[in-house]
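K.L.:
As input, take input.txt (compact mmCIF, C-alpha atoms and all ligand atoms):
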```txt
# COMPACT_ATOMS: atom_id res chain seq x y z
CA MET C 268 8.22 -18.06 115.19
CA LEU C 269 8.23 -20.42 112.24
CA PHE C 270 9.97 -23.79 112.99
CA SER C 271 10.97 -22.11 116.26
CA ILE C 272 14.29 -20.92 114.84
CA ASP C 273 15.65 -18.11 117.00
CA HIS C 274 16.78 -15.62 114.39
CA ASN C 275 18.56 -13.46 116.97
CA ILE C 276 20.84 -16.34 117.94
CA HIS C 277 21.45 -17.21 114.31
CA LEU C 278 22.29 -13.61 113.38
CA PHE C 279 24.51 -13.17 116.43
CA ASP C 280 26.54 -16.27 115.48
CA ARG C 281 26.94 -14.90 111.97
CA ALA C 282 27.84 -11.42 113.25
CA CYS C 283 30.52 -12.80 115.57
CA GLN C 284 32.35 -14.28 112.55
CA VAL C 285 32.92 -10.92 110.89
CA ILE C 286 32.39 -8.21 113.54
CA PRO C 287 34.38 -8.26 116.80
CA GLY C 288 31.98 -9.49 119.49
CA GLY C 289 29.21 -9.35 116.91
CA VAL C 290 28.52 -5.66 117.53
CA ASN C 291 29.73 -2.23 116.48
CA SER C 292 29.56 -0.74 119.98
CA PRO C 293 30.33 -2.95 123.01
CA VAL C 294 27.24 -2.37 125.20
CA ARG C 295 24.99 -3.79 122.45
CA ALA C 296 26.48 -7.26 123.01
CA PHE C 297 24.51 -7.85 126.27
CA ARG C 298 27.78 -8.93 127.95
CA SER C 299 26.89 -7.55 131.38
CA VAL C 300 23.32 -8.92 131.47
CA GLY C 301 24.02 -12.12 129.52
CA GLY C 302 21.85 -13.58 126.78
CA THR C 303 21.60 -12.85 123.08
CA PRO C 304 21.33 -9.29 121.76
CA ARG C 305 18.16 -8.61 119.80
CA PHE C 306 18.74 -7.86 116.14
CA ILE C 307 16.37 -5.06 115.22
CA THR C 308 14.59 -5.15 111.90
CA ARG C 309 12.39 -2.05 112.17
CA ALA C 310 11.00 0.55 114.51
CA LEU C 311 7.98 2.79 114.63
CA GLY C 312 6.86 5.25 117.29
CA ALA C 313 7.58 3.78 120.74
CA TYR C 314 8.24 0.25 119.44
CA ILE C 315 11.02 -1.79 117.91
CA TRP C 316 10.79 -5.28 116.37
CA ASP C 317 13.50 -7.93 116.46
CA ALA C 318 14.43 -10.59 113.91
CA ASN C 319 11.87 -13.00 115.40
CA GLY C 320 9.11 -10.47 114.85
CA GLN C 321 8.87 -9.84 118.60
CA ARG C 322 7.76 -6.31 119.51
CA TYR C 323 9.31 -4.30 122.36
CA THR C 324 8.43 -0.98 123.92
CA ASP C 325 11.70 0.89 123.45
CA TYR C 326 13.16 2.87 126.37
CA ILE C 327 16.62 3.16 124.81
CA GLY C 328 15.66 5.18 121.75
CA SER C 329 19.05 4.60 120.09
CA TRP C 330 20.66 5.69 123.41
CA GLY C 331 18.92 9.04 123.38
CA PRO C 332 18.40 10.50 119.92
CA MET C 333 14.86 9.25 119.22
CA ILE C 334 13.03 11.81 121.36
CA LEU C 335 10.11 11.96 118.90
CA GLY C 336 9.88 8.19 118.72
CA HIS C 337 10.89 6.22 115.64
CA GLY C 338 9.91 7.30 112.15
CA HIS C 339 8.24 10.60 113.02
CA PRO C 340 6.46 11.64 109.77
CA ALA C 341 7.87 15.19 109.65
CA VAL C 342 11.42 13.90 110.14
CA VAL C 343 11.02 11.10 107.60
CA GLU C 344 9.73 13.62 105.06
CA ALA C 345 12.63 16.02 105.66
CA VAL C 346 15.17 13.21 105.29
CA GLN C 347 13.53 11.80 102.14
CA LYS C 348 13.58 15.25 100.57
CA ALA C 349 17.21 15.81 101.52
CA VAL C 350 18.33 12.45 100.15
CA CYS C 351 16.84 13.28 96.74
CA ASP C 352 18.97 16.43 96.61
CA GLY C 353 22.22 14.57 97.26
CA PHE C 354 23.95 12.64 100.03
CA SER C 355 27.06 14.72 100.60
CA PHE C 356 28.80 17.59 98.87
CA GLY C 357 31.85 18.43 100.95
CA ALA C 358 30.87 22.05 100.45
CA PRO C 359 28.81 24.40 102.62
CA THR C 360 24.98 24.36 102.54
CA GLU C 361 22.28 26.67 103.84
CA ARG C 362 20.90 23.90 106.05
CA GLU C 363 24.08 23.93 108.17
CA ILE C 364 23.46 27.61 108.89
CA GLU C 365 19.84 26.92 109.79
CA LEU C 366 20.83 24.17 112.20
CA ALA C 367 23.58 26.29 113.79
CA GLU C 368 21.14 29.20 114.11
CA GLU C 369 18.59 26.95 115.79
CA VAL C 370 21.19 25.63 118.27
CA VAL C 371 22.47 29.07 119.30
CA ARG C 372 18.86 30.30 119.60
CA GLN C 373 18.00 27.52 122.07
CA MET C 374 21.30 27.67 123.98
CA PRO C 375 22.30 31.28 124.63
CA SER C 376 25.72 30.31 126.08
CA MET C 377 26.79 29.60 122.50
CA ASP C 378 27.45 32.22 119.83
CA MET C 379 28.90 29.74 117.34
CA VAL C 380 28.92 26.00 116.76
CA ARG C 381 30.99 23.63 114.64
CA LEU C 382 29.18 20.54 113.35
CA VAL C 383 30.86 17.12 113.49
CA SER C 384 29.67 13.51 113.17
CA SER C 385 29.86 12.00 116.68
CA GLY C 386 29.96 12.98 120.33
CA THR C 387 33.42 11.47 120.59
CA GLU C 388 34.67 13.74 117.85
CA ALA C 389 32.99 16.76 119.43
CA ALA C 390 34.54 16.13 122.86
CA MET C 391 37.97 15.48 121.38
CA SER C 392 37.79 18.68 119.34
CA ALA C 393 36.48 20.75 122.27
CA ILE C 394 39.48 19.69 124.35
CA ARG C 395 41.93 20.57 121.59
CA LEU C 396 40.25 23.95 121.25
CA ALA C 397 40.35 24.59 125.02
CA ARG C 398 44.05 23.69 125.06
CA GLY C 399 44.72 25.88 122.04
CA VAL C 400 42.89 28.86 123.51
CA THR C 401 44.41 28.64 127.00
CA LYS C 402 47.84 27.33 125.90
CA ARG C 403 47.60 24.83 128.78
CA SER C 404 47.72 21.03 128.80
CA THR C 405 45.87 19.73 131.86
CA ILE C 406 42.21 18.77 131.69
CA ILE C 407 39.86 17.78 134.50
CA LYS C 408 37.21 15.12 134.18
CA PHE C 409 35.06 13.28 136.73
CA GLU C 410 34.99 9.59 137.50
CA GLY C 411 31.94 7.97 135.93
CA CYS C 412 31.35 10.68 133.33
CA TYR C 413 31.67 9.49 129.72
CA HIS C 414 32.74 11.80 126.95
CA GLY C 415 33.28 9.38 124.10
CA HIS C 416 36.37 7.29 123.47
CA ALA C 417 39.15 9.79 122.72
CA ASP C 418 42.44 8.52 124.23
CA ALA C 419 42.89 11.32 126.78
CA LEU C 420 39.42 10.64 128.24
CA LEU C 421 39.70 6.87 128.72
CA VAL C 422 41.07 7.19 132.22
CA LYS C 423 39.95 6.36 135.71
CA ALA C 424 41.16 7.83 138.98
CA GLY C 425 44.36 6.65 140.62
CA SER C 426 44.45 5.77 144.31
CA GLY C 427 44.67 9.40 145.41
CA LEU C 428 44.35 12.87 143.98
CA ALA C 429 48.12 13.20 143.75
CA THR C 430 48.56 9.98 141.78
CA LEU C 431 48.10 9.67 138.05
CA GLY C 432 45.00 8.00 136.64
CA HIS C 433 44.98 4.65 134.86
CA PRO C 434 43.89 4.05 131.26
CA THR C 435 40.53 2.26 131.07
CA SER C 436 41.43 0.73 127.73
CA ALA C 437 44.39 -1.14 126.35
CA GLY C 438 46.11 0.88 123.66
CA VAL C 439 46.09 4.12 125.60
CA PRO C 440 49.70 4.93 126.57
CA PRO C 441 50.20 6.39 130.07
CA GLU C 442 51.86 9.45 128.51
CA VAL C 443 48.62 10.28 126.72
CA ILE C 444 46.59 10.47 129.93
CA LYS C 445 49.19 12.10 132.13
CA HIS C 446 47.52 15.49 131.55
CA THR C 447 44.08 14.22 132.60
CA LEU C 448 43.08 14.78 136.24
CA VAL C 449 40.21 12.54 137.35
CA LEU C 450 38.13 13.80 140.28
CA GLU C 451 35.14 12.46 142.16
CA TYR C 452 31.80 13.82 140.96
CA ASN C 453 30.05 16.17 143.43
CA HIS C 454 33.12 16.25 145.72
CA LEU C 455 33.66 19.92 146.61
CA ASP C 456 36.83 19.51 148.69
CA GLN C 457 38.62 17.54 145.99
CA LEU C 458 37.63 20.16 143.43
CA GLU C 459 39.05 22.97 145.60
CA GLN C 460 42.26 21.05 146.19
CA ALA C 461 42.73 20.20 142.51
CA PHE C 462 42.36 23.85 141.48
CA ALA C 463 44.61 25.07 144.30
CA GLU C 464 47.36 22.70 143.11
CA HIS C 465 46.87 22.64 139.34
CA GLY C 466 44.44 25.46 138.48
CA LYS C 467 46.93 27.56 136.55
CA ASN C 468 47.64 24.65 134.20
CA VAL C 469 44.07 23.49 133.62
CA ALA C 470 42.78 24.18 130.10
CA CYS C 471 39.28 22.92 130.72
CA LEU C 472 37.00 21.19 133.17
CA LEU C 473 34.79 18.73 131.34
CA MET C 474 31.57 17.49 132.93
CA GLU C 475 28.24 15.86 132.26
CA PRO C 476 25.89 18.18 134.19
CA ILE C 477 23.46 15.31 134.68
CA CYS C 478 25.51 12.19 134.32
CA GLY C 479 23.65 9.69 132.16
CA ASN C 480 26.63 7.40 132.03
CA MET C 481 26.17 6.71 135.74
CA ASN C 482 22.51 6.13 134.84
CA PHE C 483 21.22 9.38 136.30
CA VAL C 484 23.33 11.39 138.74
CA ARG C 485 22.81 15.14 138.99
CA ALA C 486 25.65 17.51 139.74
CA THR C 487 24.38 19.48 142.74
CA ASP C 488 23.73 23.21 142.25
CA ASP C 489 26.52 24.00 144.72
CA PHE C 490 28.95 21.82 142.82
CA VAL C 491 28.16 23.39 139.43
CA LYS C 492 28.34 26.86 140.98
CA ARG C 493 31.77 26.15 142.45
CA CYS C 494 33.01 24.63 139.18
CA ARG C 495 31.95 27.84 137.44
CA GLU C 496 33.61 30.09 140.04
CA LEU C 497 36.89 28.18 140.06
CA CYS C 498 37.04 28.02 136.26
CA THR C 499 36.51 31.78 136.07
CA GLN C 500 39.08 32.44 138.79
CA TYR C 501 41.78 30.29 137.14
CA GLY C 502 41.03 31.08 133.49
CA THR C 503 39.91 27.49 132.86
CA LEU C 504 37.16 26.82 130.32
CA LEU C 505 34.07 25.12 131.75
CA VAL C 506 32.88 22.58 129.19
CA PHE C 507 29.41 21.07 129.57
CA ASP C 508 29.08 17.74 127.81
CA GLU C 509 25.40 17.83 126.88
CA VAL C 510 25.60 15.11 124.23
CA MET C 511 22.96 13.23 126.20
CA THR C 512 21.15 16.02 128.08
CA GLY C 513 21.06 18.60 125.27
CA PHE C 514 17.54 18.90 123.79
CA ARG C 515 16.62 15.94 126.03
CA VAL C 516 16.13 17.19 129.61
CA ALA C 517 14.88 20.60 128.44
CA LEU C 518 14.94 22.57 125.19
CA GLY C 519 17.87 24.61 126.49
CA GLY C 520 19.66 21.56 127.89
CA ALA C 521 20.76 20.96 131.48
CA GLN C 522 22.50 24.34 131.44
CA SER C 523 19.10 26.04 131.27
CA LEU C 524 18.14 24.29 134.51
CA TYR C 525 21.35 25.31 136.28
CA ALA C 526 20.93 28.86 134.97
CA LYS C 527 17.61 28.98 136.88
CA ALA C 528 19.28 27.89 140.12
CA ILE C 529 22.51 29.88 139.66
CA PRO C 530 21.90 33.45 138.42
CA GLY C 531 23.98 34.29 135.35
CA PHE C 532 25.28 30.75 134.97
CA ALA C 533 26.65 29.64 131.60
CA PRO C 534 29.36 27.18 130.55
CA ASP C 535 32.15 28.41 128.25
CA MET C 536 31.68 25.56 125.80
CA THR C 537 29.00 22.95 125.16
CA ILE C 538 29.19 19.58 123.45
CA LEU C 539 26.07 18.25 121.72
CA GLY C 540 25.04 15.11 119.87
CA LYS C 541 22.33 12.43 120.09
CA VAL C 542 18.94 14.28 119.95
CA MET C 543 20.54 17.01 117.88
CA GLY C 544 20.95 14.56 114.98
CA GLY C 545 17.56 12.92 115.44
CA GLY C 546 19.13 9.49 114.85
CA MET C 547 21.66 10.45 112.17
CA PRO C 548 25.42 10.77 112.79
CA LEU C 549 25.58 14.41 113.85
CA ALA C 550 27.12 16.23 116.81
CA ALA C 551 28.52 19.66 117.57
CA PHE C 552 30.60 21.73 119.91
CA GLY C 553 30.14 25.42 120.47
CA GLY C 554 30.70 28.36 122.72
CA ARG C 555 31.46 32.03 122.86
CA ARG C 556 32.65 33.72 119.66
CA ALA C 557 36.04 34.64 121.15
CA VAL C 558 36.69 30.96 121.89
CA MET C 559 35.25 29.47 118.70
CA GLU C 560 37.16 31.82 116.41
CA HIS C 561 40.36 30.04 117.45
CA LEU C 562 39.25 27.17 115.20
CA ALA C 563 40.65 26.79 111.69
CA PRO C 564 40.25 28.45 109.24
CA THR C 565 39.97 31.64 111.34
CA GLY C 566 42.27 30.40 114.09
CA ALA C 567 45.21 28.10 114.73
CA VAL C 568 43.37 25.09 116.19
CA TYR C 569 42.92 22.49 113.45
CA GLN C 570 39.69 20.52 113.14
CA ALA C 571 37.99 19.08 110.05
CA GLY C 572 35.62 16.40 108.73
CA THR C 573 34.70 14.99 105.30
CA LEU C 574 31.09 14.36 106.33
CA SER C 575 30.77 17.23 108.87
CA GLY C 576 27.45 19.04 108.49
CA ASN C 577 26.20 16.29 106.18
CA PRO C 578 23.08 17.48 104.32
CA VAL C 579 20.94 14.43 105.18
CA ALA C 580 21.98 14.43 108.84
CA THR C 581 21.38 18.16 109.21
CA ALA C 582 17.91 17.78 107.64
CA CYS C 583 17.11 15.07 110.19
CA GLY C 584 18.44 17.14 113.10
CA LEU C 585 16.71 20.30 112.01
CA ALA C 586 13.31 18.60 111.59
CA THR C 587 13.74 17.01 115.03
CA LEU C 588 14.60 20.31 116.71
CA GLN C 589 11.63 21.98 115.03
CA GLU C 590 9.25 19.37 116.47
CA ILE C 591 10.63 19.53 120.01
CA SER C 592 10.49 23.32 120.14
CA ARG C 593 6.69 23.28 119.92
CA PRO C 594 5.07 24.82 123.02
CA GLY C 595 4.36 22.28 125.76
CA PHE C 596 6.53 19.53 124.23
CA PHE C 597 8.81 19.18 127.26
CA ASP C 598 5.96 19.61 129.77
CA ASP C 599 4.16 16.60 128.30
CA LEU C 600 7.33 14.55 128.03
CA SER C 601 8.41 15.36 131.61
CA ARG C 602 5.01 14.49 132.99
CA LYS C 603 5.03 11.10 131.27
CA THR C 604 8.58 10.29 132.34
CA ARG C 605 7.88 11.26 135.95
CA ALA C 606 4.70 9.15 135.99
CA PHE C 607 6.72 6.20 134.67
CA MET C 608 9.39 6.55 137.37
CA SER C 609 6.90 6.98 140.18
CA GLY C 610 4.95 3.96 138.89
CA LEU C 611 8.12 1.84 139.06
CA CYS C 612 8.99 3.15 142.53
CA GLN C 613 5.52 2.25 143.82
CA ALA C 614 5.58 -1.19 142.25
CA ALA C 615 9.02 -1.96 143.74
CA SER C 616 8.09 -0.64 147.15
CA MET C 617 4.97 -2.84 147.27
CA GLU C 618 7.24 -5.85 146.84
CA GLY C 619 9.76 -4.58 149.39
CA ILE C 620 12.54 -4.05 146.84
CA ASP C 621 15.04 -1.22 147.36
CA PHE C 622 14.49 1.10 144.44
CA CYS C 623 14.88 4.79 143.64
CA ALA C 624 14.54 6.84 140.50
CA ASP C 625 14.95 10.31 139.07
CA SER C 626 14.13 11.97 135.78
CA GLU C 627 14.28 15.25 133.93
CA GLY C 628 12.46 15.91 130.67
CA GLY C 629 12.62 12.69 128.68
CA MET C 630 15.68 11.27 130.46
CA MET C 631 15.39 8.91 133.42
CA GLY C 632 17.38 6.63 135.64
CA PHE C 633 16.68 4.14 138.40
CA TYR C 634 18.77 2.20 140.88
CA LEU C 635 18.19 -0.86 143.01
CA LEU C 636 19.28 1.23 145.99
CA LYS C 637 17.45 2.93 148.86
CA THR C 638 18.63 6.44 147.99
CA LEU C 639 19.91 8.16 144.87
CA PRO C 640 23.70 7.98 144.49
CA GLN C 641 25.85 11.10 144.11
CA ASN C 642 29.02 9.63 142.63
CA TYR C 643 30.52 6.63 140.88
CA ALA C 644 31.42 4.68 144.02
CA GLN C 645 27.83 4.89 145.25
CA VAL C 646 26.45 3.89 141.85
CA MET C 647 28.71 0.82 141.92
CA LYS C 648 26.90 -0.40 145.05
CA SER C 649 23.80 -1.14 142.95
CA ASP C 650 22.91 -4.85 142.89
CA SER C 651 23.92 -5.99 139.39
CA GLN C 652 22.59 -9.53 139.88
CA LEU C 653 19.14 -8.17 140.68
CA PHE C 654 19.35 -5.71 137.81
CA ASN C 655 20.13 -8.47 135.34
CA GLN C 656 17.06 -10.42 136.49
CA LEU C 657 14.95 -7.29 136.17
CA PHE C 658 16.35 -6.65 132.70
CA HIS C 659 15.56 -10.14 131.42
CA GLY C 660 12.19 -10.17 133.16
CA LEU C 661 11.23 -6.99 131.34
CA LEU C 662 12.74 -8.08 128.02
CA SER C 663 10.71 -11.30 128.03
CA ARG C 664 7.62 -9.17 128.64
CA GLY C 665 8.34 -6.96 125.63
CA VAL C 666 10.08 -4.08 127.39
CA TYR C 667 13.49 -2.99 126.11
CA ILE C 668 15.63 -1.08 128.62
CA ALA C 669 19.39 -0.50 128.53
CA PRO C 670 21.26 -3.82 128.95
CA ALA C 671 23.57 -2.29 131.56
CA LEU C 672 23.13 -0.99 135.06
CA PHE C 673 24.91 2.29 134.43
CA GLU C 674 22.94 3.58 131.47
CA ALA C 675 20.15 6.13 131.51
CA GLY C 676 16.80 5.43 129.88
CA PHE C 677 14.64 7.53 127.61
CA VAL C 678 10.96 8.19 127.06
CA SER C 679 9.84 9.63 123.72
CA ALA C 680 6.90 11.73 122.65
CA ALA C 681 5.51 8.60 120.97
CA HIS C 682 5.13 6.69 124.26
CA THR C 683 1.49 6.82 125.36
CA ASN C 684 0.19 6.72 128.92
CA SER C 685 -1.02 3.23 128.15
CA ASP C 686 2.47 2.12 127.00
CA ILE C 687 3.79 3.32 130.33
CA GLU C 688 1.02 1.64 132.35
CA THR C 689 1.66 -1.63 130.53
CA THR C 690 5.39 -1.35 131.27
CA VAL C 691 4.75 -0.65 134.97
CA GLU C 692 2.46 -3.71 135.08
CA ALA C 693 5.24 -5.82 133.54
CA ALA C 694 7.71 -4.46 136.09
CA ARG C 695 5.25 -5.26 138.90
CA GLU C 696 5.19 -8.92 137.80
CA VAL C 697 8.98 -9.05 137.69
CA PHE C 698 9.38 -7.36 141.10
CA LYS C 699 6.95 -9.93 142.55
CA ILE C 700 9.17 -12.76 141.29
CA LEU C 701 12.38 -11.03 142.45
CA SER C 702 11.05 -10.46 145.95
CA LYS C 703 10.75 -14.23 146.50
C1 LIG R 801 26.99 9.35 123.96
C2 LIG R 801 27.86 10.30 124.65
C3 LIG R 801 29.10 10.72 124.11
C4 LIG R 801 29.69 10.08 122.87
O1 LIG R 801 28.94 10.30 121.74
P1 LIG R 801 29.15 9.31 120.47
O2 LIG R 801 28.28 9.93 119.42
O3 LIG R 801 28.70 7.96 120.93
O4 LIG R 801 30.59 9.35 120.12
C5 LIG R 801 29.79 11.72 124.74
N1 LIG R 801 29.33 12.28 125.87
C6 LIG R 801 28.16 11.90 126.43
C7 LIG R 801 27.69 12.58 127.67
C8 LIG R 801 27.40 10.90 125.85
O5 LIG R 801 26.27 10.50 126.44
```
For the structure just supplied, provide its representation as structure tokens.
P.N.:
Amino acid sequence: MLFSIDHNIHLFDRACQVIPGGVNSPVRAFRSVGGTPRFITRALGAYIWDANGQRYTDYIGSWGPMILGHGHPAVVEAVQKAVCDGFSFGAPTEREIELAEEVVRQMPSMDMVRLVSSGTEAAMSAIRLARGVTKRSTIIKFEGCYHGHADALLVKAGSGLATLGHPTSAGVPPEVIKHTLVLEYNHLDQLEQAFAEHGKNVACLLMEPICGNMNFVRATDDFVKRCRELCTQYGTLLVFDEVMTGFRVALGGAQSLYAKAIPGFAPDMTILGKVMGGGMPLAAFGGRRAVMEHLAPTGAVYQAGTLSGNPVATACGLATLQEISRPGFFDDLSRKTRAFMSGLCQAASMEGIDFCADSEGGMMGFYLLKTLPQNYAQVMKSDSQLFNQLFHGLLSRGVYIAPALFEAGFVSAAHTNSDIETTVEAAREVFKILSK
């Protein structure tokens, strides 16, 4: 560091003058852990570099998309080629068909997909479609699940099932969320009660099958099974938000795992994003033909986008999906991620720190708790003070994990066994300090 100027601090000051909070998405501001966000100048493989030239092993991977690591040669080549042919046409291209074909091949619950530019947009459009198809207004979501920032989804539970939820953001009028029922994740009785009372009016039940926005909480097999049964019984569409888990926990998404445990299982609609775009703004929602054909121009549900199916983004997504569908890709990735989590568990246990972890494919989560939580209230019991110390301890040792307790982490194909061993060693040092 020349003249010991901290370029991150300098850039953050400058950013705060012209960008609210200095960032374009709140979690990047390090508000919950404190300190200065790192301004990233470049990334390659498993590493990112900040404005001071400091290198970090990256376990955020742009919050999920970078499953191949940064700058994978095949993806870079596909993007470079696409850019030379034009940035955007606002007209259909063959590449959009190829990407849609690849998605429906990997996820048999979908016959058709519509491409959009963000997970938020996909979730918002999926809800409109579900409401249009069923001609109902009510939607069900679960506390702690995140589906982007559409108004109707920025709501937390009221004091009881019978009471209305509360907006989690200013600017969301109560009238806009009055059709959103918020239930506790993995709570079977509440689910039964909600359907018994409201089932006939529920357009869709929206869920993260493995909730990465509570770090890493799995819906139990029984819970998913009952969600499916009740949705079928009441004519409600079951919507799996796989923006994070799709192409991340397995090639066929979390739904492929539940389909193994629950014979014949499939959601009615799926929302995708993150890995699907390989780091470019790209997302999608899809489902059965009879549902999807309700979308304009074939149907009456309006949805559109100037940059939807963008030729550069689809090239990036397609190249990424081609790489991850190679035989053995997810076996290797799962093995590495599991080894990482068990390394951390061992290191914490040796220092007498309460710690537990879970992972699936290249997605992982850990808690400073004795046992894995099952819902939002249990997740909230995690020690945030201790987490913040762990975060900064790791960051100062060149390890970049999510700067918030409730966010999942990601391992990429570019992380080597030695990267993971080095990270576990760093964590061991930090645990030693924390235990004192
Ligand atoms: C990230 C995420 C979204 C929102 O996607 P954006 O592209 O950030 O709008 C929606 N649902 C889930 C499960 C996510 O993880």
K.L.:
Name the residues, using the chain letters and numbers of the file, that sit within 12 Å of (36.0, 18.9, 109.6) when counting all atoms listed in the file, and give them as a JSON list (two decimals) with C-alpha atoms, keeping the file's coordinate frame.
P.N.:
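Dumped to result_21.json:
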```json
[["chain", "number", "residue", "atom", "x", "y", "z"],
["C", 357, "GLY", "CA", 31.85, 18.43, 100.95],
["C", 358, "ALA", "CA", 30.87, 22.05, 100.45],
["C", 359, "PRO", "CA", 28.81, 24.40, 102.62],
["C", 381, "ARG", "CA", 30.99, 23.63, 114.64],
["C", 382, "LEU", "CA", 29.18, 20.54, 113.35],
["C", 383, "VAL", "CA", 30.86, 17.12, 113.49],
["C", 384, "SER", "CA", 29.67, 13.51, 113.17],
["C", 385, "SER", "CA", 29.86, 12.00, 116.68],
["C", 388, "GLU", "CA", 34.67, 13.74, 117.85],
["C", 389, "ALA", "CA", 32.99, 16.76, 119.43],
["C", 392, "SER", "CA", 37.79, 18.68, 119.34],
["C", 550, "ALA", "CA", 27.12, 16.23, 116.81],
["C", 551, "ALA", "CA", 28.52, 19.66, 117.57],
["C", 552, "PHE", "CA", 30.60, 21.73, 119.91],
["C", 562, "LEU", "CA", 39.25, 27.17, 115.20],
["C", 563, "ALA", "CA", 40.65, 26.79, 111.69],
["C", 564, "PRO", "CA", 40.25, 28.45, 109.24],
["C", 568, "VAL", "CA", 43.37, 25.09, 116.19],
["C", 569, "TYR", "CA", 42.92, 22.49, 113.45],
["C", 570, "GLN", "CA", 39.69, 20.52, 113.14],
["C", 571, "ALA", "CA", 37.99, 19.08, 110.05],
["C", 572, "GLY", "CA", 35.62, 16.40, 108.73],
["C", 573, "THR", "CA", 34.70, 14.99, 105.30],
["C", 574, "LEU", "CA", 31.09, 14.36, 106.33],
["C", 575, "SER", "CA", 30.77, 17.23, 108.87],
["C", 576, "GLY", "CA", 27.45, 19.04, 108.49],
["C", 577, "ASN", "CA", 26.20, 16.29, 106.18]]
```
K.L.:
Give me, as a list of chain:residue names, all polymer residues having an atom no more than 6 Å from region 328-341 of chain C, counting all atoms listed in the file and skipping those fewer than 6 positions away in the same chain.
P.N.:
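Result of the neighbour search: C:Ala310, C:Leu311, C:Gly312, C:Ala313, C:Lys541, C:Val542, C:Gly545, C:Gly546, C:Ser679, C:Ala680, C:Ala681.
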K.L.:
Could you write those residues out with C-alpha atoms, as a JSON list (two decimals), in the coordinates of the input?
P.N.:
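Contents of out-v7.json, as written:
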```json
[["chain", "number", "residue", "atom", "x", "y", "z"],
["C", 310, "ALA", "CA", 11.00, 0.55, 114.51],
["C", 311, "LEU", "CA", 7.98, 2.79, 114.63],
["C", 312, "GLY", "CA", 6.86, 5.25, 117.29],
["C", 313, "ALA", "CA", 7.58, 3.78, 120.74],
["C", 541, "LYS", "CA", 22.33, 12.43, 120.09],
["C", 542, "VAL", "CA", 18.94, 14.28, 119.95],
["C", 545, "GLY", "CA", 17.56, 12.92, 115.44],
["C", 546, "GLY", "CA", 19.13, 9.49, 114.85],
["C", 679, "SER", "CA", 9.84, 9.63, 123.72],
["C", 680, "ALA", "CA", 6.90, 11.73, 122.65],
["C", 681, "ALA", "CA", 5.51, 8.60, 120.97]]
```
K.L.:
Kindly compile the residues surrounding ligand LIG 801 (chain R) within 9 Å, counting all atoms listed in the file, and format them as a count of residues only.
P.N.:
36
K.L.:
Take CA of Glu442 (chain C) and CA of Asp418 (chain C) and report the distance between them in Å, one decimal.
P.N.:
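We find that CA of Glu442 (chain C) and CA of Asp418 (chain C) lie 10.4 Å from each other.
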K.L.:
Identify which of the residues C:Ala644, C:Val579, C:Arg403, C:Gly584 lies closest to Asp352 (chain C), counting all atoms listed in the file when measuring atom-to-atom distances.
P.N.:
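Closest to Asp352 (chain C), using all atoms listed in the file: C:Val579.
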K.L.:
Could you state the separation of CA of Gln641 (chain C) and CA of Ala694 (chain C) in Å, given to one decimal place?
P.N.:
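Separation between CA of Gln641 (chain C) and CA of Ala694 (chain C): 25.2 Å.
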K.L.:
Hey, which of C:Leu504, C:Ala486, C:Val342, C:Leu497 ends up closest to Ile406 (chain C)? Count all atoms listed in the file.
P.N.:
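Closest to Ile406 (chain C), using all atoms listed in the file: C:Leu504.
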K.L.:
Please, what distance in Å, to one decimal, runs between CA of Glu464 (chain C) and CA of Gly399 (chain C)?
P.N.:
21.5 Å
K.L.:
Near Lys402 (chain C), within 9 Å and counting all atoms listed in the file, which residues show up once chain neighbours fewer than 5 positions away are dropped, as a VMD selection string?
P.N.:
chain C and resid 397 468 470
K.L.:
Work out where the centre of an axis-aligned box around every listed atom of region 592-606 of chain C lies and how long its edges are once 6 Å is added on each side; give both in Å to one decimal as lines of an AutoDock Vina configuration file.
P.N.:
```
center_x = 7.3
center_y = 17.0
center_z = 128.0
size_x = 18.3
size_y = 27.7
size_z = 28.1
```
K.L.:
Within 12 Å of region 293-299 of chain C, which residues of region 596-656 of chain C come that close, and what is the closest atom pair and distance in Å for each? Count all atoms listed in the file and give it as a Markdown table.
P.N.:
```
| residue | atom | partner | partner_atom | distance |
| --- | --- | --- | --- | --- |
| C:Ser651 | CA | C:Ser299 | CA | 8.7 |
| C:Gln652 | CA | C:Ser299 | CA | 9.7 |
| C:Phe654 | CA | C:Ser299 | CA | 10.1 |
| C:Asn655 | CA | C:Ser299 | CA | 7.9 |
| C:Gln656 | CA | C:Ser299 | CA | 11.4 |
```
K.L.:
Those residues with C-alpha atoms, as a short mmCIF file (atom, residue, chain, number, x, y, z; two decimals), keeping the file's coordinate frame please?
P.N.:
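Result written to again_38.cif:
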```cif
data_model
loop_
_atom_site.label_atom_id
_atom_site.label_comp_id
_atom_site.auth_asym_id
_atom_site.auth_seq_id
_atom_site.Cartn_x
_atom_site.Cartn_y
_atom_site.Cartn_z
CA SER C 651 23.92 -5.99 139.39
CA GLN C 652 22.59 -9.53 139.88
CA PHE C 654 19.35 -5.71 137.81
CA ASN C 655 20.13 -8.47 135.34
CA GLN C 656 17.06 -10.42 136.49
#
```
K.L.:
Smallest atom-to-atom distance to Met647 (chain C): which of C:Lys699, C:Ala606, C:Thr503, C:Gly411, using only C-alpha atoms?
P.N.:
C:Gly411
K.L.:
Do a neighbour search on region 490-495 of chain C at 10 Å with only C-alpha atoms, toss out local chain neighbours closer than 6 positions, and write the hits as a VMD selection string.
P.N.:
chain C and resid 452 to 455 458 to 459 462 472 to 474 476 503 to 506 522 525 to 526 528 to 530 532 to 535
